[in-house]
Amino acid sequence: MVKEVKDSTNMGRPILRSPCSKIRKRTSNIIQDIPRELLIEILSRTAQTSFTDIHNAKLSCKDFHEASEDTHVYRHMSLDNIPLVPWTPLTEKQQAFLTKCKDCQNPDIAYRQAVLDYFTGERPESAPGHILRALDSNHIGALYVTCIILLFSGDDGLKACGMKLMVGMKKCRYVRTKLKEHRHKLQRMLRLMWVKNPALRRRPVCCTRQDNHKRKRGWVDNDDIDDEQDDVHSCEACSVDSEIKFLVSSLPQL
Ligand SMILES: [Zn+2]
């Protein structure tokens with residue numbers, strides 16, 4: 001229903017005010033009542049899961065737009081909409097967006113650089129530095145790539161560290177869920193780049209009892225890697241071997 005409203009500023013002419021404008025005003029008041037810190041936290045969590053959602057939130061109202069520009073939101077911003085290896089040069093807007101994310105210490109910037117440096121084999125020695133920066137923000141993907149670097153290092157001691165770290169990650173339900181997400185994200189990134197690191201050609205083996213397991217339970221399929229319980233694996237080392245198998249299957253060039 002549309003109501004006619006008269007006020008002192010419109011020279012007596014009626015203003016048409018629909019129920020929609022009332023709702024919008026009420027919503028706007030509710031948002032203004034939310035403490036700024038809480039609003040920023042809500043938006044940073046939105047930014048973490050979807051760039052599209054945070055972009056839409058920014059467009060929805062002035063308060064959301066202002067709060068979305070906070071450093072904390074950019075630190076947690078998802079970079080999924082920016083290809084790791086763009087086929088065409090990035091636009092000025094995309095460059096500015098990445099620069100702002102970097103200035104706000106978004107850990108995904110350091111993580112993506114580590115992935116590029118290590119897997120292309122162009123600057124593998126600089127990958128650990130970027131990984132450490134991402135790990136400062138507890139980046140699970142960076143922890144996963146750390147395991148891969150250690151496992152493929154060609155050094156038995158480092159391989160044992162990588163195995164221990166990977167097994168530890170799989171023991172925590174929260175980390176395991178995040179690991180599943182990052183494993184597939186990494187796979188998508190690897191398909192976009194030319195993987196040339198020679199270290200990845202030497203596939204490590206962790207379980208020394210593989211033959212016994214094969215007789216008892218058969219080979220583990222790649223799909224089983226996503227099994228939350230990890231019960232399909234005969235031992236912890238087998239579970240790490242299945243991670244290695246998944247990674248190797250994601251590297252078509254090697
Ligand atoms: Zn085993």
# chains A, B, ... in the order shown; residues from 1 in each chain; ligands from 1

$ closest_atom_pairs --of "chain A" --to "ligand 1" --cutoff "6 Å" --atoms "only C-alpha atoms and all ligand atoms" --output "CSV"
residue,atom,partner,partner_atom_place_in_ligand_line,distance
A:Cys207,CA,ligand 1,1 (Zn),4.5
A:Arg209,CA,ligand 1,1 (Zn),5.3
A:Gln210,CA,ligand 1,1 (Zn),5.3
A:Ser234,CA,ligand 1,1 (Zn),5.1
A:Cys235,CA,ligand 1,1 (Zn),4.3
A:Ala237,CA,ligand 1,1 (Zn),5.2
A:Cys238,CA,ligand 1,1 (Zn),4.0

$ residues_around --residues "Asn56 of chain A" --least-positions-apart "6" --cutoff "12 Å" --atoms "only C-alpha atoms" --output "list in words"
Leu43, Thr46, Ala47, Ser50, Lys62, Phe64, His65 and Ser68 of chain A

$ write_last_selection --atoms "C-alpha atoms" --output "PDB file, in the first residue's frame"
ATOM      1  CA  LEU A  43      32.171  -8.920   6.275  1.00  0.00           C
ATOM      2  CA  THR A  46      32.039 -13.216   3.914  1.00  0.00           C
ATOM      3  CA  ALA A  47      35.131 -12.011   2.022  1.00  0.00           C
ATOM      4  CA  SER A  50      33.289 -15.572  -1.630  1.00  0.00           C
ATOM      5  CA  LYS A  62      26.782   2.694   2.285  1.00  0.00           C
ATOM      6  CA  PHE A  64      28.537  -2.181   4.126  1.00  0.00           C
ATOM      7  CA  HIS A  65      30.622  -0.354   1.523  1.00  0.00           C
ATOM      8  CA  SER A  68      34.214  -3.540   3.452  1.00  0.00           C
TER       9      SER A  68
END

$ atom_distance --atom1 "atom CA of Lys170 of chain A" --atom2 "atom CA of Pro204 of chain A"
18.9 Å

$ atom_distance --atom1 "atom CA of Lys58 of chain A" --atom2 "atom CA of Ile31 of chain A"
13.1 Å

$ residues_around --residues "Asp136 of chain A" --least-positions-apart "5" --cutoff "12 Å" --atoms "only C-alpha atoms" --output "number ranges by chain"
A: 105-108, 110-111, 129-131, 142-143

$ write_last_selection --atoms "all heavy atoms" --output "short mmCIF file (atom, residue, chain, number, x, y, z; two decimals), in the first residue's frame"
data_model
loop_
_atom_site.label_atom_id
_atom_site.label_comp_id
_atom_site.auth_asym_id
_atom_site.auth_seq_id
_atom_site.Cartn_x
_atom_site.Cartn_y
_atom_site.Cartn_z
N GLN A 105 48.36 -7.35 4.04
CA GLN A 105 48.98 -8.62 4.47
C GLN A 105 48.03 -9.82 4.34
O GLN A 105 47.92 -10.65 5.25
CB GLN A 105 49.49 -8.49 5.90
CG GLN A 105 50.61 -7.46 5.99
CD GLN A 105 51.07 -7.21 7.39
OE1 GLN A 105 50.33 -7.35 8.34
NE2 GLN A 105 52.32 -6.84 7.53
N ASN A 106 47.33 -9.86 3.22
CA ASN A 106 46.49 -11.02 2.92
C ASN A 106 47.40 -12.25 2.71
O ASN A 106 48.26 -12.24 1.82
CB ASN A 106 45.68 -10.72 1.64
CG ASN A 106 44.69 -11.82 1.31
OD1 ASN A 106 45.02 -12.99 1.40
ND2 ASN A 106 43.50 -11.43 0.92
N PRO A 107 47.25 -13.30 3.52
CA PRO A 107 48.18 -14.44 3.43
C PRO A 107 48.10 -15.20 2.10
O PRO A 107 49.03 -15.89 1.72
CB PRO A 107 47.78 -15.34 4.60
CG PRO A 107 46.39 -14.94 4.93
CD PRO A 107 46.25 -13.51 4.57
N ASP A 108 46.95 -15.07 1.41
CA ASP A 108 46.80 -15.75 0.12
C ASP A 108 47.79 -15.24 -0.93
O ASP A 108 48.19 -15.97 -1.82
CB ASP A 108 45.36 -15.56 -0.41
CG ASP A 108 44.56 -16.85 -0.32
OD1 ASP A 108 45.11 -17.84 0.17
OD2 ASP A 108 43.39 -16.84 -0.73
N ALA A 110 50.95 -14.28 -0.36
CA ALA A 110 52.22 -14.98 -0.12
C ALA A 110 52.11 -16.44 -0.51
O ALA A 110 53.03 -17.02 -1.12
CB ALA A 110 52.60 -14.85 1.36
N TYR A 111 50.96 -17.07 -0.21
CA TYR A 111 50.76 -18.48 -0.52
C TYR A 111 50.80 -18.72 -2.04
O TYR A 111 51.47 -19.64 -2.52
CB TYR A 111 49.41 -18.93 0.06
CG TYR A 111 48.96 -20.28 -0.44
CD1 TYR A 111 49.64 -21.44 -0.08
CD2 TYR A 111 47.84 -20.41 -1.27
CE1 TYR A 111 49.24 -22.68 -0.54
CE2 TYR A 111 47.43 -21.64 -1.73
CZ TYR A 111 48.13 -22.77 -1.36
OH TYR A 111 47.74 -24.00 -1.84
N GLY A 129 60.14 -18.75 2.22
CA GLY A 129 59.93 -17.42 2.81
C GLY A 129 58.47 -16.98 2.68
O GLY A 129 57.87 -16.48 3.64
N HIS A 130 57.90 -17.17 1.49
CA HIS A 130 56.48 -16.81 1.28
C HIS A 130 55.57 -17.69 2.13
O HIS A 130 54.58 -17.22 2.69
CB HIS A 130 56.11 -16.97 -0.20
CG HIS A 130 56.88 -16.06 -1.11
ND1 HIS A 130 56.89 -14.69 -0.96
CD2 HIS A 130 57.67 -16.32 -2.18
CE1 HIS A 130 57.66 -14.15 -1.89
NE2 HIS A 130 58.14 -15.11 -2.64
N ILE A 131 55.93 -18.97 2.21
CA ILE A 131 55.11 -19.90 3.00
C ILE A 131 55.09 -19.48 4.47
O ILE A 131 54.05 -19.48 5.11
CB ILE A 131 55.64 -21.35 2.84
CG1 ILE A 131 55.13 -21.90 1.51
CG2 ILE A 131 55.19 -22.25 3.99
CD1 ILE A 131 55.45 -23.32 1.25
N ALA A 142 49.07 -23.30 3.00
CA ALA A 142 50.52 -23.15 3.13
C ALA A 142 51.12 -24.31 3.91
O ALA A 142 52.22 -24.79 3.60
CB ALA A 142 50.85 -21.82 3.81
N LEU A 143 50.36 -24.79 4.91
CA LEU A 143 50.82 -25.95 5.69
C LEU A 143 50.86 -27.19 4.80
O LEU A 143 51.80 -27.99 4.86
CB LEU A 143 49.86 -26.15 6.87
CG LEU A 143 50.34 -26.96 8.06
CD1 LEU A 143 51.61 -26.37 8.65
CD2 LEU A 143 49.27 -27.03 9.13
#

$ residues_around --residues "Asp103 of chain A" --least-positions-apart "5" --cutoff "9 Å" --atoms "only C-alpha atoms" --output "list in words"
Thr71, Tyr74, Arg75 and Leu98 of chain A

$ atom_distance --atom1 "atom CA of Leu251 of chain A" --atom2 "atom CA of Gln187 of chain A"
8.3 Å

$ closest_residue --among "A:Tyr118, A:Phe246, A:Phe152, A:Trp87" --to "His184 of chain A" --atoms "only C-alpha atoms"
A:Phe246

$ select_by_dssp --residues "segment 100-147 of chain A" --states "helix (DSSP H, G or I)" --output "ChimeraX atom specification"
/A:100-103,107-119,124-135,140-147

$ residues_around --residues "segment 119-123 of chain A" --least-positions-apart "4" --cutoff "8 Å" --atoms "only C-alpha atoms" --output "VMD selection string"
chain A and resid 115 127 190 193 to 198

$ write_last_selection --atoms "all heavy atoms" --output "JSON list (two decimals), in the first residue's frame"
[["chain", "number", "residue", "atom", "x", "y", "z"],
["A", 115, "VAL", "N", 53.42, -21.05, -4.24],
["A", 115, "VAL", "CA", 52.98, -22.12, -5.16],
["A", 115, "VAL", "C", 53.64, -21.90, -6.53],
["A", 115, "VAL", "O", 54.19, -22.84, -7.12],
["A", 115, "VAL", "CB", 51.43, -22.14, -5.27],
["A", 115, "VAL", "CG1", 50.98, -23.04, -6.42],
["A", 115, "VAL", "CG2", 50.82, -22.62, -3.95],
["A", 127, "ALA", "N", 60.35, -19.96, -2.14],
["A", 127, "ALA", "CA", 59.02, -20.44, -1.70],
["A", 127, "ALA", "C", 58.90, -20.52, -0.16],
["A", 127, "ALA", "O", 57.89, -20.05, 0.38],
["A", 127, "ALA", "CB", 58.72, -21.79, -2.35],
["A", 190, "LEU", "N", 47.42, -25.79, -10.20],
["A", 190, "LEU", "CA", 48.47, -26.52, -10.92],
["A", 190, "LEU", "C", 48.11, -26.77, -12.37],
["A", 190, "LEU", "O", 48.98, -26.83, -13.24],
["A", 190, "LEU", "CB", 48.77, -27.86, -10.21],
["A", 190, "LEU", "CG", 49.38, -27.74, -8.81],
["A", 190, "LEU", "CD1", 49.55, -29.10, -8.17],
["A", 190, "LEU", "CD2", 50.72, -27.02, -8.85],
["A", 193, "MET", "N", 49.27, -23.84, -14.60],
["A", 193, "MET", "CA", 50.67, -23.42, -14.73],
["A", 193, "MET", "C", 51.53, -24.54, -15.31],
["A", 193, "MET", "O", 51.10, -25.70, -15.39],
["A", 193, "MET", "CB", 51.22, -22.98, -13.37],
["A", 193, "MET", "CG", 51.43, -24.11, -12.39],
["A", 193, "MET", "SD", 52.25, -23.55, -10.90],
["A", 193, "MET", "CE", 50.86, -23.00, -9.96],
["A", 194, "TRP", "N", 52.70, -24.16, -15.74],
["A", 194, "TRP", "CA", 53.62, -25.13, -16.30],
["A", 194, "TRP", "C", 54.51, -25.64, -15.17],
["A", 194, "TRP", "O", 55.41, -24.94, -14.72],
["A", 194, "TRP", "CB", 54.44, -24.44, -17.41],
["A", 194, "TRP", "CG", 55.19, -25.42, -18.26],
["A", 194, "TRP", "CD1", 56.53, -25.64, -18.28],
["A", 194, "TRP", "CD2", 54.63, -26.31, -19.23],
["A", 194, "TRP", "NE1", 56.84, -26.62, -19.18],
["A", 194, "TRP", "CE2", 55.70, -27.05, -19.79],
["A", 194, "TRP", "CE3", 53.32, -26.58, -19.67],
["A", 194, "TRP", "CZ2", 55.50, -28.02, -20.76],
["A", 194, "TRP", "CZ3", 53.12, -27.54, -20.64],
["A", 194, "TRP", "CH2", 54.21, -28.24, -21.18],
["A", 195, "VAL", "N", 54.21, -26.85, -14.68],
["A", 195, "VAL", "CA", 54.93, -27.39, -13.53],
["A", 195, "VAL", "C", 56.25, -28.00, -14.03],
["A", 195, "VAL", "O", 56.23, -28.98, -14.79],
["A", 195, "VAL", "CB", 54.08, -28.45, -12.80],
["A", 195, "VAL", "CG1", 54.84, -29.02, -11.61],
["A", 195, "VAL", "CG2", 52.77, -27.82, -12.33],
["A", 196, "LYS", "N", 57.35, -27.41, -13.60],
["A", 196, "LYS", "CA", 58.64, -27.89, -14.12],
["A", 196, "LYS", "C", 59.68, -28.17, -13.04],
["A", 196, "LYS", "O", 60.84, -28.39, -13.35],
["A", 196, "LYS", "CB", 59.21, -26.84, -15.11],
["A", 196, "LYS", "CG", 58.43, -26.79, -16.43],
["A", 196, "LYS", "CD", 59.15, -25.99, -17.46],
["A", 196, "LYS", "CE", 59.02, -24.51, -17.17],
["A", 196, "LYS", "NZ", 59.54, -23.66, -18.26],
["A", 197, "ASN", "N", 59.26, -28.13, -11.77],
["A", 197, "ASN", "CA", 60.24, -28.37, -10.70],
["A", 197, "ASN", "C", 60.71, -29.84, -10.78],
["A", 197, "ASN", "O", 59.91, -30.76, -10.59],
["A", 197, "ASN", "CB", 59.59, -28.09, -9.34],
["A", 197, "ASN", "CG", 60.61, -28.14, -8.22],
["A", 197, "ASN", "OD1", 61.66, -28.77, -8.35],
["A", 197, "ASN", "ND2", 60.31, -27.46, -7.11],
["A", 198, "PRO", "N", 62.00, -30.09, -11.06],
["A", 198, "PRO", "CA", 62.48, -31.47, -11.21],
["A", 198, "PRO", "C", 62.31, -32.31, -9.94],
["A", 198, "PRO", "O", 62.22, -33.54, -10.02],
["A", 198, "PRO", "CB", 63.96, -31.31, -11.58],
["A", 198, "PRO", "CG", 64.30, -29.89, -11.29],
["A", 198, "PRO", "CD", 63.05, -29.10, -11.27]]

$ decode --residues "segment 73-88 of chain A" --atoms "all heavy atoms" --output "short mmCIF file (atom, residue, chain, number, x, y, z; two decimals), in the first residue's frame"
data_model
loop_
_atom_site.label_atom_id
_atom_site.label_comp_id
_atom_site.auth_asym_id
_atom_site.auth_seq_id
_atom_site.Cartn_x
_atom_site.Cartn_y
_atom_site.Cartn_z
N VAL A 73 39.16 -6.73 6.42
CA VAL A 73 38.37 -7.41 5.37
C VAL A 73 39.30 -7.80 4.22
O VAL A 73 39.25 -8.93 3.73
CB VAL A 73 37.21 -6.51 4.88
CG1 VAL A 73 36.46 -7.18 3.74
CG2 VAL A 73 36.26 -6.20 6.03
N TYR A 74 40.19 -6.88 3.81
CA TYR A 74 41.12 -7.18 2.71
C TYR A 74 42.13 -8.26 3.09
O TYR A 74 42.61 -9.00 2.26
CB TYR A 74 41.83 -5.91 2.24
CG TYR A 74 41.02 -5.18 1.19
CD1 TYR A 74 40.05 -4.27 1.57
CD2 TYR A 74 41.19 -5.44 -0.17
CE1 TYR A 74 39.27 -3.62 0.62
CE2 TYR A 74 40.42 -4.81 -1.12
CZ TYR A 74 39.46 -3.89 -0.72
OH TYR A 74 38.69 -3.26 -1.67
N ARG A 75 42.45 -8.34 4.40
CA ARG A 75 43.40 -9.36 4.84
C ARG A 75 42.80 -10.76 4.67
O ARG A 75 43.50 -11.74 4.48
CB ARG A 75 43.77 -9.13 6.32
CG ARG A 75 44.93 -9.99 6.79
CD ARG A 75 45.34 -9.64 8.19
NE ARG A 75 45.77 -8.26 8.31
CZ ARG A 75 45.63 -7.49 9.38
NH1 ARG A 75 45.05 -7.97 10.45
NH2 ARG A 75 46.05 -6.25 9.39
N HIS A 76 41.46 -10.84 4.75
CA HIS A 76 40.80 -12.14 4.64
C HIS A 76 40.13 -12.35 3.28
O HIS A 76 39.43 -13.33 3.09
CB HIS A 76 39.75 -12.29 5.76
CG HIS A 76 40.37 -12.38 7.11
ND1 HIS A 76 40.66 -11.27 7.86
CD2 HIS A 76 40.80 -13.44 7.82
CE1 HIS A 76 41.22 -11.66 8.99
NE2 HIS A 76 41.33 -12.97 8.99
N MET A 77 40.36 -11.44 2.37
CA MET A 77 39.66 -11.49 1.07
C MET A 77 40.05 -12.72 0.25
O MET A 77 41.22 -13.05 0.13
CB MET A 77 40.03 -10.22 0.29
CG MET A 77 39.24 -10.00 -0.96
SD MET A 77 37.54 -9.48 -0.62
CE MET A 77 37.73 -7.75 -0.23
N SER A 78 39.03 -13.38 -0.30
CA SER A 78 39.30 -14.51 -1.20
C SER A 78 39.83 -13.98 -2.53
O SER A 78 39.33 -13.00 -3.07
CB SER A 78 37.98 -15.27 -1.43
OG SER A 78 38.09 -16.08 -2.56
N LEU A 79 40.87 -14.64 -3.04
CA LEU A 79 41.45 -14.22 -4.32
C LEU A 79 41.04 -15.16 -5.45
O LEU A 79 41.66 -15.18 -6.52
CB LEU A 79 42.98 -14.16 -4.22
CG LEU A 79 43.57 -13.28 -3.12
CD1 LEU A 79 45.09 -13.30 -3.18
CD2 LEU A 79 43.08 -11.85 -3.23
N ASP A 80 40.01 -15.96 -5.18
CA ASP A 80 39.61 -16.99 -6.15
C ASP A 80 39.20 -16.42 -7.50
O ASP A 80 39.26 -17.12 -8.51
CB ASP A 80 38.44 -17.83 -5.58
CG ASP A 80 38.92 -18.71 -4.44
OD1 ASP A 80 40.15 -18.79 -4.23
OD2 ASP A 80 38.07 -19.32 -3.78
N ASN A 81 38.79 -15.17 -7.52
CA ASN A 81 38.35 -14.59 -8.80
C ASN A 81 39.52 -14.08 -9.64
O ASN A 81 39.34 -13.70 -10.79
CB ASN A 81 37.36 -13.44 -8.55
CG ASN A 81 38.02 -12.28 -7.86
OD1 ASN A 81 38.77 -12.47 -6.91
ND2 ASN A 81 37.80 -11.08 -8.35
N ILE A 82 40.72 -14.04 -9.05
CA ILE A 82 41.90 -13.59 -9.80
C ILE A 82 42.73 -14.82 -10.17
O ILE A 82 43.25 -15.49 -9.27
CB ILE A 82 42.79 -12.63 -8.95
CG1 ILE A 82 41.96 -11.49 -8.36
CG2 ILE A 82 43.98 -12.13 -9.77
CD1 ILE A 82 41.72 -10.31 -9.26
N PRO A 83 42.84 -15.14 -11.45
CA PRO A 83 43.60 -16.34 -11.82
C PRO A 83 45.07 -16.22 -11.42
O PRO A 83 45.65 -15.14 -11.49
CB PRO A 83 43.44 -16.43 -13.34
CG PRO A 83 42.97 -15.08 -13.77
CD PRO A 83 42.29 -14.44 -12.61
N LEU A 84 45.64 -17.35 -10.97
CA LEU A 84 47.04 -17.35 -10.54
C LEU A 84 47.96 -17.04 -11.73
O LEU A 84 48.93 -16.30 -11.61
CB LEU A 84 47.39 -18.72 -9.94
CG LEU A 84 48.79 -18.88 -9.40
CD1 LEU A 84 49.01 -17.96 -8.21
CD2 LEU A 84 49.07 -20.31 -8.99
N VAL A 85 47.62 -17.64 -12.86
CA VAL A 85 48.39 -17.36 -14.08
C VAL A 85 47.40 -16.82 -15.11
O VAL A 85 46.75 -17.59 -15.82
CB VAL A 85 49.06 -18.65 -14.62
CG1 VAL A 85 49.97 -18.33 -15.80
CG2 VAL A 85 49.84 -19.35 -13.52
N PRO A 86 47.24 -15.49 -15.17
CA PRO A 86 46.23 -14.95 -16.09
C PRO A 86 46.63 -15.10 -17.56
O PRO A 86 47.79 -14.94 -17.90
CB PRO A 86 46.16 -13.47 -15.68
CG PRO A 86 47.38 -13.19 -14.89
CD PRO A 86 47.95 -14.48 -14.41
N TRP A 87 45.64 -15.44 -18.38
CA TRP A 87 45.89 -15.60 -19.82
C TRP A 87 46.05 -14.25 -20.49
O TRP A 87 46.73 -14.11 -21.50
CB TRP A 87 44.76 -16.38 -20.48
CG TRP A 87 44.70 -17.80 -20.02
CD1 TRP A 87 43.82 -18.33 -19.11
CD2 TRP A 87 45.57 -18.89 -20.39
NE1 TRP A 87 44.09 -19.66 -18.89
CE2 TRP A 87 45.15 -20.03 -19.68
CE3 TRP A 87 46.66 -19.00 -21.25
CZ2 TRP A 87 45.78 -21.26 -19.79
CZ3 TRP A 87 47.28 -20.23 -21.38
CH2 TRP A 87 46.86 -21.34 -20.66
N THR A 88 45.37 -13.25 -19.92
CA THR A 88 45.49 -11.89 -20.44
C THR A 88 45.98 -11.00 -19.29
O THR A 88 45.75 -11.34 -18.13
CB THR A 88 44.13 -11.37 -20.94
OG1 THR A 88 43.18 -11.54 -19.89
CG2 THR A 88 43.66 -12.10 -22.18
#
